[in-house]
Amino acid sequence: KITEKPFPVFNPVLGLFILMFKAISRAAWKFQIINPEKLDLNGTIISANHTSFMDIIWLSISIPAKYRKLVYVAGTNRFSFLRYIFPMIPVIWVDESNTIEVLKKSADILRQGRSLIVFPEGGRSFDGRMVEFKTGAAYLATNLNRKIIPVSINGAFDIWPKQKKLPKFSGRMKGSISVGDHINPADFKDIEKLNSHLKKSILKNIEDINKTLFGIARALT
C-alpha cells in the first residue's frame, strides 16, 4: 500500500530561491549543465556523487521549472525542520538508519510516476573523493524496473566542503553537472553489478570533465 504521497504543487517561494541560486552559481562559479537533454524526469532514478550541500542546490537548478514538482529527494530527518520553513518542499524525510523505511518511501514516490534523486554514498564526502556506493538506488531500479540517470557533480567540494559553514566565493573555482547515459537495470545480472556500473559511470564523467578543464587550462598558458 502506498503511504508516502507527493505534494500536488511546487512551493513558488522555493522556486524564487532556485532562480536566485542559479544566478549566483553562474556568476560566481560559471556553473554549467553538460548534456541536459539526457535528464529524463519520467519516473527515473537520478543518482549522483555527494560531496557538498551545493549538490542539491545545483541539481535543483538543473531541473526545468515545469518538472520540479515531479522530482523528489530523500532527506535525513535531521533537516526535517525545513518542512516548516519551506512547506510542500519535494523531500521525503527518512530515518537514514532505517533501510526499510528509506526503501519503502522511495518506492512509493517512484510508483506514483515521480522521479527520485538518490545519493548512493549515503552522505557527503569528507575529502571530496567518492566512497563506496550503497545499493539502494540499484535495488529500487531493479525491483521497480526504473532506469537510472548517472549525474556527475564537479567542483562542489572545492566550493563548499563539509567542514565549512559557507561556500567560497573567491578564486577561479568552477562548477558543473554532467548528465550521463541512462542505465537500464535489465542489462545487468544482479544488483551488485548494476551498482558497480553506476559508480564507474559517475566517476568516469568526473574524470572526463577534469581532463577537459586541464586541457583548456594548458591551452591558455
# chains A, B, ... in the order shown; residues from 1 in each chain; ligands from 1

$ residues_around --residues "stretch 174-182 of chain A" --least-positions-apart "5" --cutoff "6 Å" --atoms "only C-alpha atoms" --output "list in words"
Trp29, Lys30, Phe31, Gln32, Ile33, Ile34, Asn35, Ile148, Ile149, Pro150, Val151, Ser152, Ile153, Asn154 and Gly155 of chain A

$ select_by_dssp --residues "stretch 14-82 of chain A" --states "strand (DSSP E)" --output "number ranges by chain"
A: 32-34, 45-48, 71-76

$ residues_around --residues "A:Leu144" --least-positions-apart "6" --cutoff "9 Å" --atoms "only C-alpha atoms" --output "list in words"
Ala107, Leu110 and Arg111 of chain A

$ closest_residue --among "A:Gln112, A:Thr44, A:Ser106, A:Asn77" --to "A:Asn184" --atoms "only C-alpha atoms"
A:Thr44

$ atom_distance --atom1 "atom CA of A:Ser80" --atom2 "atom CA of A:Ile92"
9.1 Å

$ select_by_dssp --residues "chain A" --states "alpha helix (DSSP H)" --output "ChimeraX atom specification"
/A:12-29,54-62,82-85,99-111,136-144,156-159,191-220

$ atom_distance --atom1 "atom CA of A:Asp95" --atom2 "atom CA of A:Ile2"
18.0 Å
